[in-house]
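**Student:** What follows is a single structure, and I will ask about it in a moment.
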Amino acid sequence: TKDAVLVVGGAGYIGSHMAKMLAQAGFGVVILDNLSTGFPDAARYGDLIRGDLSNQALLDRLFHEHAFVAVLHFAALSQVGESVRAPALYYRNNVANTQNLLDAMLRHDVRRFIFSSSAAIFGEPASAYIEETHPQRPINPYGRSKRMVEEMLADYDHAYGLRSVSLRYFNAAGADPEGELGERHDPESHLIPLVLQAANGRREHIAIYGDDYPTPDGTCVRDYIHVWDLCSAHLLALEHLLADGRSDVFNLGNGAGFSVQEVIDTTRRVTGRDIPAIVQGRRAGDPAVLVADSQKARRALGWEPRFQELETIISHAWGWERAKGEAW
Ligand code: UFG
């Protein structure tokens, strides 16, 4: 029988791509998702159990029924602005519920864990390229919730031998290269899907949140990483833990920054469409530049991103928008 893994949040954007890659790599995939932001038809590469991490009895039943070799945890609320307005929601969902999951793992002697962390733990960075050792000063409850879990994981390793890898995503983007899965948030807040909606006539224009940042063209610079490359890093992290590797943390990005204006210009080229853009004021809590130094993941995990070109990332996402967008 195949090794079974639990993918929490496997009906969401990154989790659904991960479930596919895991299934293709020969793992048995069970997905736990409360469908608060995920979609059941995205969970097509695993057995979907609808449920919430606050439900201890459900967790006990799941861990009793399956001999999971590891848990991958993608389920979290991830809207920075919402986290400022409703921190209780974020600490409940992202911290307390993650602790429920870890404690259920310990009760059932499952001790390998992969955690979706975020560049948001760094806040306003002090240097251009962010290494793993960069000081952590999150500037919103979302970022703090991710940092708290990383700290919890260090303590659980020390005290209980729970081995984990935390992967700090920069800007996840793109879609399944085979076109089966893609990014879908409701409401959508991320730059690339919004620009593509504008390209597809589903929105009148794209708003540029500020053009007075200290960057070459005045718009914010981000490190967009293809979702499939993110997933391949998780697979390597899983293999590392299955080979009894120690706990670790990695920053995951392409190592190249693109401005909001460059994303819009590239999308115009890729789609051949006019995309009206309107400069608006800054969005609260946006750092000017966020770019990862991902050398450590390459060195320690042997990670090799395949889809580093912004054109490729956008064209995969464009394929998904054209195939599925109108239906929503
Ligand atoms: N932007 C626009 N117009 C839009 C949407 C976004 O100009 O309509 C800009 C933003 O201001 C930002 C950039 O495009 O400068 C990227 O914005 P996204 O919302 O796509 O992504 P973020 O960088 O804000 O967020 C990502 C993750 C979060 C995480 C954060 C860490 O999605 O989960 O990085 O800072 F918290």
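Ordered as shown in the structure tokens, chains take letters A, B, and onward, while each chain numbers its residues from 1 and ligands are numbered from 1 in the order shown.
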List as a Markdown table every residue of segment 203-239 of chain A that is in contact with segment 114-134 of chain A, defined as an atom at most 8 Å from one of its atoms (using only C-alpha atoms), together with the nearest atom pair and the distance in Å rounded to one decimal, sorted by chain and then rising number.
**Tutor:**
```
| residue | atom | partner | partner_atom | distance |
| --- | --- | --- | --- | --- |
| A:His234 | CA | A:Ile114 | CA | 7.4 |
| A:Ala237 | CA | A:Ile114 | CA | 7.5 |
| A:Leu238 | CA | A:Ile114 | CA | 7.2 |
```
**Student:** Enumerate, as a VMD selection string, the complete set of residues in segment 39-228 of chain A that a backbone-based DSSP assignment places in alpha helix (DSSP H).
**Tutor:** chain A and resid 56 to 65 80 to 85 87 to 90 97 to 107 141 to 160 191 to 199 227 to 228
**Student:** Return as a ChimeraX atom specification the residues of protein, DNA or RNA that approach ligand 1 to within 8 Å, with only C-alpha atoms and all ligand atoms taken into account.
**Tutor:** /A:78-80,118-121,123,142-143,169-172,189-192,194-195,206-210,219-222,259-260,282-283,286-288,290
**Student:** Selected residues, N, CA and C atoms, written as a CSV table (one decimal), in the first residue's frame, please.
**Tutor:**
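The result, written out as part24.csv:
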```csv
chain,number,residue,atom,x,y,z
A,78,SER,N,-5.6,34.1,5.2
A,78,SER,CA,-4.4,34.7,4.7
A,78,SER,C,-4.6,36.1,4.2
A,79,GLN,N,-5.6,36.8,4.6
A,79,GLN,CA,-5.8,38.2,4.2
A,79,GLN,C,-5.3,39.1,5.2
A,80,VAL,N,-4.2,39.9,4.8
A,80,VAL,CA,-3.6,40.7,5.8
A,80,VAL,C,-4.5,41.8,6.4
A,118,SER,N,5.1,32.2,5.9
A,118,SER,CA,4.9,33.3,4.9
A,118,SER,C,6.0,34.3,5.1
A,119,ALA,N,6.3,35.0,4.0
A,119,ALA,CA,7.2,36.2,4.0
A,119,ALA,C,6.7,37.2,5.0
A,120,ALA,N,5.4,37.1,5.3
A,120,ALA,CA,4.8,38.1,6.2
A,120,ALA,C,5.4,38.1,7.6
A,121,ILE,N,6.1,37.0,8.0
A,121,ILE,CA,6.8,37.0,9.3
A,121,ILE,C,7.9,38.1,9.3
A,123,GLY,N,7.8,41.2,8.0
A,123,GLY,CA,7.4,42.6,8.1
A,123,GLY,C,8.1,43.5,7.0
A,142,TYR,N,-1.8,38.5,10.8
A,142,TYR,CA,-1.5,37.4,9.9
A,142,TYR,C,-0.1,36.9,10.1
A,143,GLY,N,0.8,37.9,9.9
A,143,GLY,CA,2.3,37.5,10.0
A,143,GLY,C,2.6,37.0,11.4
A,169,TYR,N,6.5,31.2,2.1
A,169,TYR,CA,6.2,31.5,0.7
A,169,TYR,C,6.3,33.0,0.6
A,170,PHE,N,6.9,33.4,-0.6
A,170,PHE,CA,6.8,34.8,-1.0
A,170,PHE,C,5.5,34.9,-1.8
A,171,ASN,N,5.4,35.3,-3.1
A,171,ASN,CA,4.1,35.5,-3.7
A,171,ASN,C,3.8,34.3,-4.6
A,172,ALA,N,3.0,33.4,-4.0
A,172,ALA,CA,2.6,32.2,-4.8
A,172,ALA,C,1.8,32.7,-6.0
A,189,SER,N,-8.0,38.9,-4.1
A,189,SER,CA,-7.2,40.1,-3.7
A,189,SER,C,-5.8,40.1,-4.3
A,190,HIS,N,-5.4,39.0,-4.9
A,190,HIS,CA,-4.0,38.9,-5.4
A,190,HIS,C,-3.8,39.6,-6.8
A,191,LEU,N,-2.7,40.1,-6.9
A,191,LEU,CA,-2.4,41.0,-8.1
A,191,LEU,C,-2.6,40.2,-9.4
A,192,ILE,N,-1.9,39.1,-9.6
A,192,ILE,CA,-1.9,38.4,-10.9
A,192,ILE,C,-3.3,38.0,-11.3
A,194,LEU,N,-6.1,39.2,-10.5
A,194,LEU,CA,-6.9,40.4,-10.7
A,194,LEU,C,-6.6,41.0,-12.0
A,195,VAL,N,-5.3,41.1,-12.4
A,195,VAL,CA,-4.9,41.7,-13.7
A,195,VAL,C,-5.5,40.8,-14.8
A,206,ILE,N,-7.4,47.4,-13.5
A,206,ILE,CA,-6.7,47.0,-12.4
A,206,ILE,C,-6.3,48.3,-11.6
A,207,ALA,N,-6.4,48.2,-10.3
A,207,ALA,CA,-5.9,49.3,-9.5
A,207,ALA,C,-4.5,49.1,-9.1
A,208,ILE,N,-3.7,50.1,-9.3
A,208,ILE,CA,-2.3,50.0,-8.8
A,208,ILE,C,-2.2,50.7,-7.4
A,209,TYR,N,-1.9,50.0,-6.4
A,209,TYR,CA,-1.9,50.5,-5.1
A,209,TYR,C,-0.6,51.2,-4.8
A,210,GLY,N,-0.5,52.4,-5.3
A,210,GLY,CA,0.6,53.3,-5.0
A,210,GLY,C,1.7,53.3,-6.0
A,219,THR,N,6.3,51.5,-8.1
A,219,THR,CA,5.3,50.5,-7.6
A,219,THR,C,6.0,49.4,-6.8
A,220,CYS,N,5.2,48.7,-6.0
A,220,CYS,CA,5.8,47.6,-5.1
A,220,CYS,C,6.4,46.5,-5.9
A,221,VAL,N,7.5,46.0,-5.3
A,221,VAL,CA,8.2,44.8,-5.9
A,221,VAL,C,8.0,43.6,-5.1
A,222,ARG,N,7.6,42.5,-5.8
A,222,ARG,CA,7.4,41.2,-5.1
A,222,ARG,C,8.1,40.1,-5.9
A,259,SER,N,7.9,44.5,-10.3
A,259,SER,CA,7.1,45.5,-9.8
A,259,SER,C,5.6,45.3,-10.3
A,260,VAL,N,4.7,45.9,-9.6
A,260,VAL,CA,3.3,45.8,-10.0
A,260,VAL,C,3.2,46.3,-11.5
A,282,ARG,N,-1.8,54.0,-1.6
A,282,ARG,CA,-1.2,52.8,-1.1
A,282,ARG,C,-2.2,52.0,-0.3
A,283,ARG,N,-2.0,50.7,-0.3
A,283,ARG,CA,-2.7,49.8,0.5
A,283,ARG,C,-2.0,49.6,1.8
A,286,ASP,N,1.6,47.3,3.1
A,286,ASP,CA,2.4,46.8,2.0
A,286,ASP,C,3.8,47.2,2.1
A,287,PRO,N,4.8,46.3,2.3
A,287,PRO,CA,6.2,46.7,2.2
A,287,PRO,C,6.5,47.0,0.8
A,288,ALA,N,7.5,47.9,0.6
A,288,ALA,CA,7.9,48.3,-0.8
A,288,ALA,C,8.5,47.2,-1.6
A,290,LEU,N,9.8,42.9,-1.4
A,290,LEU,CA,9.9,41.7,-0.7
A,290,LEU,C,10.5,40.7,-1.7
```
**Student:** Measuring atom to atom with only C-alpha atoms, identify which of A:Asp109, A:Asp211, A:Phe258, A:Arg246 is nearest to Val289 of chain A.
**Tutor:**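 Nearest to Val289 of chain A: A:Phe258.
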**Student:** Please identify all polymer residues within 8 Å of Ser145 of chain A, counting only C-alpha atoms, omitting same-chain residues fewer than 6 positions from it, and present them as an MDAnalysis selection string.
**Tutor:** chainID A and resid 90:91 94:95
**Student:** Excluding Leu162 of chain A and any residue of its chain fewer than 2 positions from it, enumerate the residues within 12 Å of it, using only C-alpha atoms, and give them as a PyMOL selection string.
**Tutor:** chain A and resi 70-71+102-114+152-160+164-165+241+244-248
**Student:** Of the candidates A:His73, A:Lys20, A:Lys2, A:Arg184, which one gets nearest to Leu32 of chain A if we count only C-alpha atoms?
**Tutor:**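 For Leu32 of chain A, the nearest of the candidates is A:His73.
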**Student:** Counting only C-alpha atoms, what is within 9 Å of Pro305 of chain A, bar same-chain residues fewer than 5 positions away, as a ChimeraX atom specification?
**Tutor:** /A:225-226,228-230,232-233,254,298
**Student:** Within segment 259-313 of chain A, find each residue whose DSSP state, derived from the backbone, is strand (DSSP E or B), and express the selection as a PyMOL selection string.
**Tutor:** chain A and resi 259+277-280+289-292
**Student:** Include C-alpha atoms and write out the residues we just selected as a PDB file, in the first residue's frame.
**Tutor:**
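So selection29.pdb came out as:
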```pdb
ATOM      1  CA  SER A 259       7.058  45.532  -9.797  1.00  0.00           C
ATOM      2  CA  ALA A 277      -4.735  50.463 -14.990  1.00  0.00           C
ATOM      3  CA  ILE A 278      -5.563  53.209 -12.521  1.00  0.00           C
ATOM      4  CA  VAL A 279      -3.117  54.421  -9.890  1.00  0.00           C
ATOM      5  CA  GLN A 280      -4.681  54.642  -6.458  1.00  0.00           C
ATOM      6  CA  VAL A 289      10.080  45.336  -1.711  1.00  0.00           C
ATOM      7  CA  LEU A 290       9.906  41.661  -0.724  1.00  0.00           C
ATOM      8  CA  VAL A 291      12.375  39.341  -2.447  1.00  0.00           C
ATOM      9  CA  ALA A 292      13.561  35.978  -1.163  1.00  0.00           C
TER      10      ALA A 292
END
```
**Student:** For each of A:Leu236, A:Asp217, A:Ser83, A:Ala198, take the minimum atom-to-atom distance to Leu22 of chain A, counting only C-alpha atoms, then give the residue where this is smallest.
**Tutor:** A:Leu236
**Student:** For the atom pair atom CA of Pro193 of chain A and atom CA of Gly257 of chain A, what is the interatomic distance in Å to one decimal place?
**Tutor:**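 Answer for the atom CA of Pro193 of chain A to atom CA of Gly257 of chain A separation: 17.7 Å.
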